[in-house]
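Trainee: Sharing target-v5.cif, mmCIF, C-alpha atoms (C1' of nucleotides):
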```
data_coords
#
loop_
_atom_site.label_atom_id
_atom_site.label_comp_id
_atom_site.auth_asym_id
_atom_site.auth_seq_id
_atom_site.Cartn_x
_atom_site.Cartn_y
_atom_site.Cartn_z
CA MET A 213 0.00 0.00 0.00
CA VAL A 214 1.75 3.11 -1.14
CA ALA A 215 -0.75 5.84 -0.48
CA CYS A 216 -2.14 5.73 2.93
CA CYS A 217 -5.12 7.81 3.59
CA SER A 218 -8.67 8.80 3.06
CA PRO A 219 -9.65 10.86 0.03
CA LEU A 220 -8.43 14.40 -0.17
CA SER A 221 -11.75 15.95 0.58
CA ARG A 222 -12.68 14.03 3.70
CA GLU A 223 -10.20 15.42 6.15
CA PRO A 224 -7.09 17.56 6.02
CA LEU A 225 -3.95 15.71 5.05
CA SER A 226 -1.24 15.81 7.67
CA ARG A 227 2.07 17.23 6.69
CA ALA A 228 3.59 13.74 6.85
CA GLN A 229 0.90 12.30 4.62
CA ALA A 230 1.32 15.09 2.11
CA GLU A 231 5.07 14.59 2.03
CA GLN A 232 4.57 10.90 1.45
CA VAL A 233 2.12 11.25 -1.42
CA ALA A 234 3.58 14.26 -3.21
CA PRO A 235 6.62 12.43 -4.63
CA LEU A 236 4.32 9.87 -6.25
CA LEU A 237 2.36 12.61 -7.94
CA LYS A 238 5.55 14.37 -8.88
CA ALA A 239 6.81 11.22 -10.55
CA LEU A 240 3.64 11.10 -12.60
CA ALA A 241 3.48 14.82 -13.29
CA ASP A 242 5.48 14.87 -16.48
CA PRO A 243 4.13 14.27 -19.98
CA VAL A 244 6.90 11.84 -20.86
CA ARG A 245 6.45 9.81 -17.70
CA LEU A 246 2.68 9.80 -18.06
CA ARG A 247 3.05 8.36 -21.53
CA LEU A 248 5.65 5.89 -20.32
CA MET A 249 3.30 4.66 -17.59
CA SER A 250 0.50 4.33 -20.08
CA LEU A 251 2.66 2.63 -22.69
CA VAL A 252 3.89 0.10 -20.16
CA ALA A 253 0.50 -0.48 -18.57
CA SER A 254 -1.26 -0.96 -21.87
CA HIS A 255 1.48 -2.99 -23.52
CA GLU A 256 0.81 -6.63 -24.30
CA GLY A 257 1.40 -8.75 -21.24
CA GLY A 258 1.33 -5.66 -19.07
CA GLU A 259 5.05 -5.17 -19.44
CA ALA A 260 7.47 -3.55 -21.83
CA CYS A 261 11.21 -3.44 -22.24
CA VAL A 262 13.09 -0.20 -22.74
CA CYS A 263 13.52 -1.02 -26.40
CA ASP A 264 9.72 -1.00 -26.77
CA LEU A 265 9.58 2.48 -25.31
CA VAL A 266 12.46 4.51 -26.65
CA GLY A 267 11.05 4.62 -30.16
CA ALA A 268 7.86 6.30 -29.03
CA PHE A 269 9.67 9.53 -28.14
CA ASP A 270 11.97 12.03 -29.77
CA LEU A 271 14.27 11.66 -26.83
CA SER A 272 17.58 9.94 -26.25
CA GLN A 273 17.79 6.52 -24.65
CA PRO A 274 19.47 7.87 -21.50
CA THR A 275 16.65 10.33 -21.05
CA ILE A 276 14.05 7.56 -21.23
CA SER A 277 16.16 5.54 -18.83
CA HIS A 278 16.20 8.46 -16.47
CA HIS A 279 12.42 8.80 -16.49
CA LEU A 280 11.98 5.07 -16.01
CA LYS A 281 14.27 5.25 -13.02
CA ILE A 282 12.17 7.98 -11.44
CA LEU A 283 9.00 5.97 -11.96
CA HIS A 284 10.65 2.85 -10.59
CA GLU A 285 12.09 4.53 -7.52
CA SER A 286 8.73 6.05 -6.70
CA GLY A 287 7.15 2.59 -6.76
CA LEU A 288 4.99 3.16 -9.82
CA LEU A 289 6.94 0.78 -12.06
CA ASP A 290 8.35 -2.62 -11.21
CA ARG A 291 11.51 -3.73 -12.93
CA GLU A 292 12.77 -7.13 -13.95
CA LYS A 293 15.84 -8.03 -15.92
CA ARG A 294 15.57 -11.07 -18.15
CA GLY A 295 18.69 -11.69 -20.15
CA VAL A 296 19.77 -8.55 -21.89
CA LEU A 297 16.40 -6.88 -21.67
CA VAL A 298 14.87 -5.01 -18.76
CA TYR A 299 11.13 -5.22 -18.42
CA TYR A 300 8.99 -2.67 -16.65
CA ARG A 301 5.52 -3.31 -15.31
CA ALA A 302 3.05 -0.85 -13.83
CA SER A 303 2.24 -1.24 -10.18
CA THR A 304 -1.55 -1.24 -10.33
CA ALA A 305 -1.72 -1.09 -6.56
CA ALA A 306 0.21 2.16 -6.47
CA LEU A 307 -1.91 3.63 -9.26
CA ALA A 308 -5.15 2.54 -7.66
CA SER A 309 -4.35 3.97 -4.26
CA LEU A 310 -3.25 7.23 -5.81
CA GLY A 311 -6.45 7.42 -7.80
CA ALA A 312 -8.45 6.66 -4.70
CA LEU A 313 -6.73 9.38 -2.73
CA ILE A 314 -7.28 12.00 -5.36
CA GLY A 315 -10.79 11.55 -6.46
CA ALA A 316 -12.38 8.15 -6.16
CA PRO A 317 -15.74 8.09 -4.38
CA ALA A 318 -14.72 5.48 -1.80
CA GLY A 319 -12.00 2.99 -0.87
CA MET B 64 -14.35 18.08 -17.99
CA VAL B 65 -10.72 18.66 -17.39
CA ALA B 66 -9.16 15.29 -17.91
CA CYS B 67 -10.22 13.67 -21.05
CA CYS B 68 -9.43 10.08 -21.46
CA SER B 69 -9.69 6.49 -20.53
CA PRO B 70 -7.65 5.18 -17.64
CA LEU B 71 -3.92 5.06 -17.99
CA SER B 72 -3.75 1.35 -18.41
CA ARG B 73 -6.32 0.89 -21.16
CA GLU B 74 -4.53 2.46 -24.07
CA PRO B 75 -1.45 4.60 -24.59
CA LEU B 76 -1.93 8.26 -23.91
CA SER B 77 -1.29 10.48 -26.88
CA ARG B 78 1.31 13.15 -26.53
CA ALA B 79 -1.42 15.78 -26.56
CA GLN B 80 -3.38 14.02 -23.83
CA ALA B 81 -0.28 13.66 -21.70
CA GLU B 82 0.55 17.32 -22.12
CA GLN B 83 -2.98 18.24 -21.10
CA VAL B 84 -3.06 16.11 -17.96
CA ALA B 85 0.49 16.56 -16.71
CA PRO B 86 0.03 20.19 -15.57
CA LEU B 87 -2.87 19.12 -13.38
CA LEU B 88 -0.74 16.49 -11.70
CA LYS B 89 2.11 18.93 -11.44
CA ALA B 90 -0.13 21.38 -9.65
CA LEU B 91 -1.02 18.69 -7.15
CA ALA B 92 2.48 17.29 -6.82
CA ASP B 93 3.67 19.47 -3.99
CA PRO B 94 3.14 18.80 -0.28
CA VAL B 95 1.97 22.32 0.43
CA ARG B 96 -0.52 22.31 -2.43
CA LEU B 97 -1.79 18.86 -1.52
CA ARG B 98 -2.49 20.08 1.99
CA LEU B 99 -4.07 23.26 0.65
CA MET B 100 -6.41 21.23 -1.57
CA SER B 101 -7.32 19.01 1.30
CA LEU B 102 -7.78 21.90 3.73
CA VAL B 103 -10.06 23.70 1.31
CA ALA B 104 -12.00 20.59 0.31
CA SER B 105 -12.58 19.48 3.86
CA HIS B 106 -13.29 22.93 5.28
CA GLU B 107 -16.76 23.71 6.48
CA GLY B 108 -18.97 24.71 3.59
CA GLY B 109 -16.43 23.26 1.18
CA GLU B 110 -14.66 26.56 0.94
CA ALA B 111 -11.97 28.50 2.77
CA CYS B 112 -10.52 31.97 2.59
CA VAL B 113 -6.82 32.62 2.50
CA CYS B 114 -6.91 33.70 6.11
CA ASP B 115 -8.15 30.21 7.04
CA LEU B 116 -5.17 28.65 5.30
CA VAL B 117 -2.11 30.74 5.98
CA GLY B 118 -1.98 29.78 9.65
CA ALA B 119 -1.67 26.07 8.84
CA PHE B 120 1.81 26.51 7.38
CA ASP B 121 5.16 27.90 8.39
CA LEU B 122 5.18 29.88 5.18
CA SER B 123 4.63 33.48 4.29
CA GLN B 124 1.30 34.73 3.03
CA PRO B 125 2.67 35.48 -0.46
CA THR B 126 3.93 31.92 -0.72
CA ILE B 127 0.50 30.52 0.12
CA SER B 128 -1.00 32.96 -2.35
CA HIS B 129 1.41 31.69 -4.98
CA HIS B 130 0.41 28.07 -4.40
CA LEU B 131 -3.27 28.95 -4.47
CA LYS B 132 -2.74 30.70 -7.77
CA ILE B 133 -1.16 27.60 -9.27
CA LEU B 134 -4.05 25.43 -8.08
CA HIS B 135 -6.56 27.95 -9.38
CA GLU B 136 -4.94 28.36 -12.77
CA SER B 137 -4.81 24.60 -13.23
CA GLY B 138 -8.54 24.40 -12.61
CA LEU B 139 -8.33 22.51 -9.33
CA LEU B 140 -9.55 25.42 -7.20
CA ASP B 141 -12.34 27.86 -7.91
CA ARG B 142 -12.02 31.37 -6.58
CA GLU B 143 -14.59 33.87 -5.45
CA LYS B 144 -14.08 37.26 -3.89
CA ARG B 145 -16.65 38.35 -1.35
CA GLY B 146 -15.90 41.66 0.23
CA VAL B 147 -12.37 41.73 1.49
CA LEU B 148 -12.00 37.98 1.61
CA VAL B 149 -11.21 35.59 -1.22
CA TYR B 150 -12.76 32.15 -0.98
CA TYR B 151 -11.37 29.04 -2.63
CA ARG B 152 -13.36 25.92 -3.38
CA ALA B 153 -12.15 22.59 -4.70
CA SER B 154 -13.31 21.58 -8.14
CA THR B 155 -14.59 18.10 -7.41
CA ALA B 156 -15.06 17.49 -11.12
CA ALA B 157 -11.39 18.10 -11.82
CA LEU B 158 -10.34 15.90 -8.91
CA ALA B 159 -12.70 13.11 -9.89
CA SER B 160 -11.61 13.00 -13.50
CA LEU B 161 -7.98 13.01 -12.47
CA GLY B 162 -8.60 10.16 -10.06
CA ALA B 163 -10.45 8.26 -12.73
CA LEU B 164 -7.64 8.71 -15.20
CA ILE B 165 -4.99 7.51 -12.83
CA GLY B 166 -6.45 4.52 -11.21
CA ALA B 167 -10.17 4.31 -10.75
CA PRO B 168 -11.80 1.10 -11.97
CA ALA B 169 -14.30 2.78 -14.29
CA GLY B 170 -15.81 6.13 -15.26
"C1'" DA C 90 38.08 -14.25 -25.20
"C1'" DT C 91 35.95 -10.72 -27.98
"C1'" DA C 92 32.46 -8.01 -30.06
"C1'" DG C 93 28.15 -6.11 -30.09
"C1'" DA C 94 23.71 -4.94 -28.18
"C1'" DA C 95 20.68 -3.24 -24.31
"C1'" DC C 96 20.46 -0.52 -20.71
"C1'" DA C 97 22.39 2.51 -16.86
"C1'" DT C 98 25.35 6.15 -15.01
"C1'" DT C 99 27.99 10.50 -15.10
"C1'" DG C 100 28.73 15.24 -15.78
"C1'" DA C 101 27.29 19.43 -17.83
"C1'" DT C 102 23.89 23.00 -18.88
"C1'" DA C 103 19.69 25.62 -19.46
"C1'" DA C 104 15.16 26.08 -17.67
"C1'" DC C 105 12.01 25.87 -14.02
"C1'" DT C 106 10.33 26.14 -9.03
"C1'" DG C 107 9.61 27.37 -4.16
"C1'" DT C 108 10.57 30.75 -1.11
"C1'" DC C 109 11.34 35.30 0.70
"C1'" DT C 110 10.97 40.56 1.19
"C1'" DA C 111 9.02 44.52 -0.55
"C1'" DT C 112 5.30 46.62 -2.69
"C1'" DG C 113 0.80 47.10 -4.98
"C1'" DT C 114 -4.41 46.82 -5.18
"C1'" DC C 115 -8.80 46.59 -3.33
"C1'" DT C 116 -12.39 46.99 0.19
"C1'" DG C 117 -14.69 48.54 4.32
"C1'" DC C 118 -14.77 51.80 7.98
"C1'" DA C 119 -14.00 56.01 10.68
"C1'" DT D 44 -10.72 61.37 2.43
"C1'" DG D 45 -7.70 58.51 4.51
"C1'" DC D 46 -6.31 54.43 7.05
"C1'" DA D 47 -5.96 49.53 7.98
"C1'" DG D 48 -6.53 44.87 6.67
"C1'" DA D 49 -6.72 40.97 3.17
"C1'" DC D 50 -4.81 39.34 -0.61
"C1'" DA D 51 -1.95 39.60 -5.02
"C1'" DT D 52 2.13 40.77 -7.70
"C1'" DA D 53 7.08 41.70 -8.62
"C1'" DG D 54 11.82 40.73 -8.28
"C1'" DA D 55 15.58 38.04 -6.46
"C1'" DC D 56 17.88 33.83 -5.21
"C1'" DA D 57 18.90 29.03 -4.19
"C1'" DG D 58 17.75 24.45 -5.26
"C1'" DT D 59 15.84 21.18 -8.51
"C1'" DT D 60 14.94 19.11 -13.10
"C1'" DA D 61 14.97 17.61 -18.02
"C1'" DT D 62 17.95 16.93 -21.44
"C1'" DC D 63 22.11 15.57 -23.95
"C1'" DA D 64 26.75 13.45 -25.21
"C1'" DA D 65 29.97 10.41 -23.48
"C1'" DT D 66 31.04 6.42 -21.02
"C1'" DG D 67 30.29 2.29 -18.14
"C1'" DT D 68 28.20 -2.36 -17.31
"C1'" DT D 69 26.30 -6.70 -18.29
"C1'" DC D 70 24.69 -10.17 -21.04
"C1'" DT D 71 24.72 -13.18 -25.49
"C1'" DA D 72 26.67 -15.06 -29.35
"C1'" DT D 73 30.42 -16.18 -31.98
#
```
Give the structure from the file, written as structure tokens.
Mentor:
Amino acid sequence: MVACCSPLSREPLSRAQAEQVAPLLKALADPVRLRLMSLVASHEGGEACVCDLVGAFDLSQPTISHHLKILHESGLLDREKRGVLVYYRASTAALASLGALIGAPAG
Amino acid sequence: MVACCSPLSREPLSRAQAEQVAPLLKALADPVRLRLMSLVASHEGGEACVCDLVGAFDLSQPTISHHLKILHESGLLDREKRGVLVYYRASTAALASLGALIGAPAG
DNA sequence: ATAGAACATTGATAACTGTCTATGTCTGCA
DNA sequence: TGCAGACATAGACAGTTATCAATGTTCTAT
């Protein structure tokens, strides 16, 4: 469970809660990373290797790697190396709890 | 309707969609602004004036004003001036559609 | 062993962000 | 009319971020 608390509008977030959730949102709050999340999550098998992703952007491979690292370190993407390739997979739990915190009707 | 599209994991976000949604997340991706949203949304009557908010932080009034401006310009907070006081109110529609995009089961 | 391919890391740079102090703009009241 | 209070704006500064080119690492195949 990555986000912790009742929806935003029920009661004031504590400072600690806010500081815990904000980095998750920050990780997602970039057009490239949003598209990366969505590309990975909607890719066949629910996973994608870096080579599946780089081509979708006009950005260098190190830049994509950098964004993937941010998403992985925030807990939004899981990572698995199989042979030469590295596969990323969206953490649906993290996404769901974030969504619930922000706007979902109930938990 | 501020966010536009099916959940992240259903199909890849277009670049345009990502660039539309990212600023909303960016506005929310700060501990102070998260707490501001939550303070406003959970305040009695669903609204709060700046004077209700400034005291909750160890930050100057202009800094709070700055954060409120960012939330307002992104569409997450509505603003209404009544007399000397300025009241902010959370846009539940914006929050709900964001939540739905990120992780909610269905729309 | 060596070469090549896939991905990560490093170091540099320009742009952006959060914060402050100082100041401006309204509004209500005396 | 003028003052005081509530909020916004402007300008400055330090810290962060997105990007790239260059290089490092690790695996596979030959």
Trainee: Between atom CA of B:Glu82 and atom C1' of D:DA53, measure the distance and give it in Å to one decimal.
Mentor: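 Computing the Euclidean distance for atom CA of B:Glu82 and atom C1' of D:DA53 yields 28.6 Å.
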Trainee: Please identify every residue of chain B that has at least one atom no farther than 9 Å from an atom of chain D, counting all atoms listed in the file, and for each give the shortest atom pair and the distance in Å to one decimal, arranged by chain then increasing number, as JSON lines.
Mentor:
```
{"residue": "B:Val113", "atom": "CA", "partner": "D:DC50", "partner_atom": "C1'", "distance": 7.7}
{"residue": "B:Cys114", "atom": "CA", "partner": "D:DA49", "partner_atom": "C1'", "distance": 7.8}
{"residue": "B:Gln124", "atom": "CA", "partner": "D:DC50", "partner_atom": "C1'", "distance": 8.5}
{"residue": "B:Pro125", "atom": "CA", "partner": "D:DA51", "partner_atom": "C1'", "distance": 7.7}
{"residue": "B:Ser128", "atom": "CA", "partner": "D:DA51", "partner_atom": "C1'", "distance": 7.2}
{"residue": "B:His129", "atom": "CA", "partner": "D:DA51", "partner_atom": "C1'", "distance": 8.6}
{"residue": "B:Val147", "atom": "CA", "partner": "D:DA49", "partner_atom": "C1'", "distance": 5.9}
{"residue": "B:Leu148", "atom": "CA", "partner": "D:DA49", "partner_atom": "C1'", "distance": 6.3}
{"residue": "B:Val149", "atom": "CA", "partner": "D:DC50", "partner_atom": "C1'", "distance": 7.4}
```
Trainee: All Cα atoms, paired in order, least squares: that's the fit I need for chain A onto chain B, output as a tab-separated table (two decimals) with C-alpha atoms, in the frame of the given file.
Mentor:
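Once everything was written out, this is result.tsv:
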```tsv
chain	number	residue	atom	x	y	z
A	213	MET	CA	-14.42	18.05	-17.94
A	214	VAL	CA	-10.76	18.67	-17.39
A	215	ALA	CA	-9.19	15.30	-17.93
A	216	CYS	CA	-10.26	13.69	-21.07
A	217	CYS	CA	-9.46	10.11	-21.49
A	218	SER	CA	-9.68	6.52	-20.53
A	219	PRO	CA	-7.67	5.18	-17.61
A	220	LEU	CA	-3.94	5.06	-17.94
A	221	SER	CA	-3.76	1.34	-18.34
A	222	ARG	CA	-6.31	0.85	-21.09
A	223	GLU	CA	-4.52	2.39	-24.00
A	224	PRO	CA	-1.44	4.52	-24.54
A	225	LEU	CA	-1.94	8.20	-23.87
A	226	SER	CA	-1.29	10.40	-26.86
A	227	ARG	CA	1.31	13.06	-26.53
A	228	ALA	CA	-1.43	15.71	-26.57
A	229	GLN	CA	-3.37	13.97	-23.83
A	230	ALA	CA	-0.27	13.61	-21.70
A	231	GLU	CA	0.57	17.27	-22.13
A	232	GLN	CA	-2.94	18.20	-21.12
A	233	VAL	CA	-3.04	16.10	-17.97
A	234	ALA	CA	0.51	16.56	-16.72
A	235	PRO	CA	0.06	20.18	-15.59
A	236	LEU	CA	-2.87	19.14	-13.40
A	237	LEU	CA	-0.76	16.51	-11.72
A	238	LYS	CA	2.11	18.93	-11.44
A	239	ALA	CA	-0.14	21.41	-9.67
A	240	LEU	CA	-1.04	18.72	-7.18
A	241	ALA	CA	2.45	17.30	-6.84
A	242	ASP	CA	3.65	19.47	-4.00
A	243	PRO	CA	3.13	18.80	-0.30
A	244	VAL	CA	1.96	22.33	0.40
A	245	ARG	CA	-0.53	22.32	-2.45
A	246	LEU	CA	-1.79	18.87	-1.53
A	247	ARG	CA	-2.50	20.09	1.97
A	248	LEU	CA	-4.07	23.26	0.64
A	249	MET	CA	-6.41	21.25	-1.58
A	250	SER	CA	-7.32	19.03	1.32
A	251	LEU	CA	-7.78	21.91	3.73
A	252	VAL	CA	-10.07	23.70	1.31
A	253	ALA	CA	-12.00	20.61	0.30
A	254	SER	CA	-12.58	19.49	3.86
A	255	HIS	CA	-13.28	22.93	5.28
A	256	GLU	CA	-16.77	23.70	6.50
A	257	GLY	CA	-18.98	24.70	3.61
A	258	GLY	CA	-16.45	23.29	1.18
A	259	GLU	CA	-14.66	26.60	0.95
A	260	ALA	CA	-11.98	28.51	2.78
A	261	CYS	CA	-10.52	31.98	2.62
A	262	VAL	CA	-6.80	32.61	2.51
A	263	CYS	CA	-6.88	33.68	6.13
A	264	ASP	CA	-8.12	30.19	7.06
A	265	LEU	CA	-5.15	28.65	5.30
A	266	VAL	CA	-2.08	30.73	5.99
A	267	GLY	CA	-1.96	29.75	9.64
A	268	ALA	CA	-1.66	26.07	8.84
A	269	PHE	CA	1.83	26.49	7.38
A	270	ASP	CA	5.18	27.89	8.39
A	271	LEU	CA	5.20	29.85	5.20
A	272	SER	CA	4.66	33.48	4.30
A	273	GLN	CA	1.33	34.74	3.04
A	274	PRO	CA	2.71	35.48	-0.45
A	275	THR	CA	3.95	31.93	-0.71
A	276	ILE	CA	0.51	30.54	0.12
A	277	SER	CA	-0.98	32.98	-2.35
A	278	HIS	CA	1.40	31.72	-4.97
A	279	HIS	CA	0.41	28.09	-4.42
A	280	LEU	CA	-3.27	28.98	-4.46
A	281	LYS	CA	-2.74	30.73	-7.76
A	282	ILE	CA	-1.16	27.63	-9.27
A	283	LEU	CA	-4.05	25.47	-8.09
A	284	HIS	CA	-6.57	27.99	-9.38
A	285	GLU	CA	-4.96	28.40	-12.78
A	286	SER	CA	-4.83	24.65	-13.24
A	287	GLY	CA	-8.57	24.44	-12.60
A	288	LEU	CA	-8.34	22.55	-9.33
A	289	LEU	CA	-9.56	25.45	-7.18
A	290	ASP	CA	-12.35	27.89	-7.89
A	291	ARG	CA	-12.04	31.40	-6.56
A	292	GLU	CA	-14.61	33.90	-5.41
A	293	LYS	CA	-14.10	37.27	-3.83
A	294	ARG	CA	-16.69	38.35	-1.30
A	295	GLY	CA	-15.90	41.67	0.27
A	296	VAL	CA	-12.36	41.72	1.51
A	297	LEU	CA	-12.01	37.97	1.63
A	298	VAL	CA	-11.22	35.58	-1.19
A	299	TYR	CA	-12.76	32.15	-0.95
A	300	TYR	CA	-11.38	29.07	-2.63
A	301	ARG	CA	-13.37	25.94	-3.37
A	302	ALA	CA	-12.15	22.61	-4.70
A	303	SER	CA	-13.32	21.62	-8.13
A	304	THR	CA	-14.61	18.13	-7.43
A	305	ALA	CA	-15.07	17.52	-11.12
A	306	ALA	CA	-11.40	18.13	-11.82
A	307	LEU	CA	-10.37	15.93	-8.90
A	308	ALA	CA	-12.73	13.15	-9.89
A	309	SER	CA	-11.62	13.02	-13.50
A	310	LEU	CA	-7.99	13.03	-12.46
A	311	GLY	CA	-8.63	10.20	-10.04
A	312	ALA	CA	-10.47	8.30	-12.72
A	313	LEU	CA	-7.64	8.71	-15.18
A	314	ILE	CA	-5.02	7.53	-12.77
A	315	GLY	CA	-6.49	4.55	-11.12
A	316	ALA	CA	-10.23	4.27	-10.85
A	317	PRO	CA	-11.70	0.99	-12.10
A	318	ALA	CA	-14.15	2.61	-14.53
A	319	GLY	CA	-15.65	5.93	-15.60
```
Trainee: Using the chain letters and numbers from the file, give me the residues hit by the PyMOL selection byres ((chain A and resi 229) around 10), as a list in words.
Mentor: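 Selected by the PyMOL selection byres ((chain A and resi 229) around 10) in this file: Ala215, Cys216, Cys217, Pro224, Leu225, Ser226, Arg227, Ala228, Ala230, Glu231, Gln232, Val233 and Ala234 of chain A; Pro94, Leu97 and Arg98 of chain B.
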Trainee: If you keep C-alpha atoms, can you produce a file of those selected residues as a compact mmCIF listing (two decimals), in the frame of the given file?
Mentor:
```
# COMPACT_ATOMS: atom_id res chain seq x y z
CA ALA A 215 -0.75 5.84 -0.48
CA CYS A 216 -2.14 5.73 2.93
CA CYS A 217 -5.12 7.81 3.59
CA PRO A 224 -7.09 17.56 6.02
CA LEU A 225 -3.95 15.71 5.05
CA SER A 226 -1.24 15.81 7.67
CA ARG A 227 2.07 17.23 6.69
CA ALA A 228 3.59 13.74 6.85
CA ALA A 230 1.32 15.09 2.11
CA GLU A 231 5.07 14.59 2.03
CA GLN A 232 4.57 10.90 1.45
CA VAL A 233 2.12 11.25 -1.42
CA ALA A 234 3.58 14.26 -3.21
CA PRO B 94 3.14 18.80 -0.28
CA LEU B 97 -1.79 18.86 -1.52
CA ARG B 98 -2.49 20.08 1.99
```
Trainee: Please, what is the axis-aligned box for every listed atom of stretch 45-54 of chain D with 6 Å on each side, as centre and edge lengths in Å to one decimal, as AutoDock Vina command-line options?
Mentor:
```
--center_x 2.1 --center_y 48.9 --center_z -0.3 --size_x 31.5 --size_y 31.2 --size_z 28.6
```
Trainee: Please determine the contact residues of chain B with respect to chain C at a cut-off of 8 Å, counting only C-alpha atoms (C1' of nucleotides), and supply them as JSON, numbers by chain.
Mentor: {"B": [123, 126, 146, 147]}
Trainee: I'd like a table as JSON lines: residues in chain B with an atom no more than 10 Å from chain A, each row giving the shortest atom pair and its distance in Å to one decimal, all atoms listed in the file counted, sorted by chain and rising residue number.
Mentor:
```
{"residue": "B:Pro70", "atom": "CA", "partner": "A:Ser250", "partner_atom": "CA", "distance": 8.5}
{"residue": "B:Leu71", "atom": "CA", "partner": "A:Ser250", "partner_atom": "CA", "distance": 4.9}
{"residue": "B:Ser72", "atom": "CA", "partner": "A:Ala253", "partner_atom": "CA", "distance": 4.6}
{"residue": "B:Arg73", "atom": "CA", "partner": "A:Ser254", "partner_atom": "CA", "distance": 5.4}
{"residue": "B:Glu74", "atom": "CA", "partner": "A:Ser254", "partner_atom": "CA", "distance": 5.2}
{"residue": "B:Pro75", "atom": "CA", "partner": "A:Ser250", "partner_atom": "CA", "distance": 4.9}
{"residue": "B:Leu76", "atom": "CA", "partner": "A:Arg247", "partner_atom": "CA", "distance": 5.5}
{"residue": "B:Ser77", "atom": "CA", "partner": "A:Arg247", "partner_atom": "CA", "distance": 7.2}
{"residue": "B:Arg78", "atom": "CA", "partner": "A:Arg247", "partner_atom": "CA", "distance": 7.1}
{"residue": "B:Ala79", "atom": "CA", "partner": "A:Pro243", "partner_atom": "CA", "distance": 8.7}
{"residue": "B:Gln80", "atom": "CA", "partner": "A:Pro243", "partner_atom": "CA", "distance": 8.4}
{"residue": "B:Ala81", "atom": "CA", "partner": "A:Pro243", "partner_atom": "CA", "distance": 4.8}
{"residue": "B:Glu82", "atom": "CA", "partner": "A:Pro243", "partner_atom": "CA", "distance": 5.2}
{"residue": "B:Gln83", "atom": "CA", "partner": "A:Pro243", "partner_atom": "CA", "distance": 8.2}
{"residue": "B:Val84", "atom": "CA", "partner": "A:Pro243", "partner_atom": "CA", "distance": 7.7}
{"residue": "B:Ala85", "atom": "CA", "partner": "A:Ala241", "partner_atom": "CA", "distance": 4.9}
{"residue": "B:Pro86", "atom": "CA", "partner": "A:Ala241", "partner_atom": "CA", "distance": 6.8}
{"residue": "B:Leu87", "atom": "CA", "partner": "A:Ala241", "partner_atom": "CA", "distance": 7.7}
{"residue": "B:Leu88", "atom": "CA", "partner": "A:Ala241", "partner_atom": "CA", "distance": 4.8}
{"residue": "B:Lys89", "atom": "CA", "partner": "A:Ala241", "partner_atom": "CA", "distance": 4.7}
{"residue": "B:Ala90", "atom": "CA", "partner": "A:Ala241", "partner_atom": "CA", "distance": 8.3}
{"residue": "B:Leu91", "atom": "CA", "partner": "A:Leu237", "partner_atom": "CA", "distance": 7.0}
{"residue": "B:Ala92", "atom": "CA", "partner": "A:Lys238", "partner_atom": "CA", "distance": 4.7}
{"residue": "B:Asp93", "atom": "CA", "partner": "A:Ala234", "partner_atom": "CA", "distance": 5.3}
{"residue": "B:Pro94", "atom": "CA", "partner": "A:Ala230", "partner_atom": "CA", "distance": 4.8}
{"residue": "B:Val95", "atom": "CA", "partner": "A:Ala230", "partner_atom": "CA", "distance": 7.5}
{"residue": "B:Arg96", "atom": "CA", "partner": "A:Ala230", "partner_atom": "CA", "distance": 8.7}
{"residue": "B:Leu97", "atom": "CA", "partner": "A:Ala230", "partner_atom": "CA", "distance": 6.1}
{"residue": "B:Arg98", "atom": "CA", "partner": "A:Leu225", "partner_atom": "CA", "distance": 5.5}
{"residue": "B:Leu99", "atom": "CA", "partner": "A:Pro224", "partner_atom": "CA", "distance": 8.4}
{"residue": "B:Met100", "atom": "CA", "partner": "A:Leu220", "partner_atom": "CA", "distance": 7.3}
{"residue": "B:Ser101", "atom": "CA", "partner": "A:Pro224", "partner_atom": "CA", "distance": 4.9}
{"residue": "B:Leu102", "atom": "CA", "partner": "A:Pro224", "partner_atom": "CA", "distance": 5.0}
{"residue": "B:Val103", "atom": "CA", "partner": "A:Ser221", "partner_atom": "CA", "distance": 8.0}
{"residue": "B:Ala104", "atom": "CA", "partner": "A:Ser221", "partner_atom": "CA", "distance": 4.7}
{"residue": "B:Ser105", "atom": "CA", "partner": "A:Ser221", "partner_atom": "CA", "distance": 4.9}
{"residue": "B:His106", "atom": "CA", "partner": "A:Glu223", "partner_atom": "CA", "distance": 8.2}
{"residue": "B:Gly109", "atom": "CA", "partner": "A:Ser221", "partner_atom": "CA", "distance": 8.7}
{"residue": "B:Ala119", "atom": "CA", "partner": "A:Arg227", "partner_atom": "CA", "distance": 9.8}
{"residue": "B:Phe120", "atom": "CA", "partner": "A:Arg227", "partner_atom": "CA", "distance": 9.3}
{"residue": "B:Ala153", "atom": "CA", "partner": "A:Ser221", "partner_atom": "CA", "distance": 8.5}
{"residue": "B:Thr155", "atom": "CA", "partner": "A:Gly315", "partner_atom": "CA", "distance": 7.6}
{"residue": "B:Ala156", "atom": "CA", "partner": "A:Gly315", "partner_atom": "CA", "distance": 8.7}
{"residue": "B:Ala157", "atom": "CA", "partner": "A:Gly315", "partner_atom": "CA", "distance": 8.5}
{"residue": "B:Leu158", "atom": "CA", "partner": "A:Gly315", "partner_atom": "CA", "distance": 5.0}
{"residue": "B:Ala159", "atom": "CA", "partner": "A:Gly315", "partner_atom": "CA", "distance": 4.2}
{"residue": "B:Ser160", "atom": "CA", "partner": "A:Gly315", "partner_atom": "CA", "distance": 7.2}
{"residue": "B:Leu161", "atom": "CA", "partner": "A:Gly315", "partner_atom": "CA", "distance": 6.8}
{"residue": "B:Gly162", "atom": "CA", "partner": "A:Gly311", "partner_atom": "CA", "distance": 4.2}
{"residue": "B:Ala163", "atom": "CA", "partner": "A:Gly311", "partner_atom": "CA", "distance": 6.4}
{"residue": "B:Leu164", "atom": "CA", "partner": "A:Gly311", "partner_atom": "CA", "distance": 7.6}
{"residue": "B:Ile165", "atom": "CA", "partner": "A:Gly311", "partner_atom": "CA", "distance": 5.2}
{"residue": "B:Gly166", "atom": "CA", "partner": "A:Ala308", "partner_atom": "CA", "distance": 4.3}
{"residue": "B:Ala167", "atom": "CA", "partner": "A:Gly311", "partner_atom": "CA", "distance": 5.7}
{"residue": "B:Pro168", "atom": "CA", "partner": "A:Ala308", "partner_atom": "CA", "distance": 8.1}
{"residue": "B:Ala169", "atom": "CA", "partner": "A:Ala316", "partner_atom": "CA", "distance": 9.9}
{"residue": "B:Gly170", "atom": "CA", "partner": "A:Ala316", "partner_atom": "CA", "distance": 9.9}
```
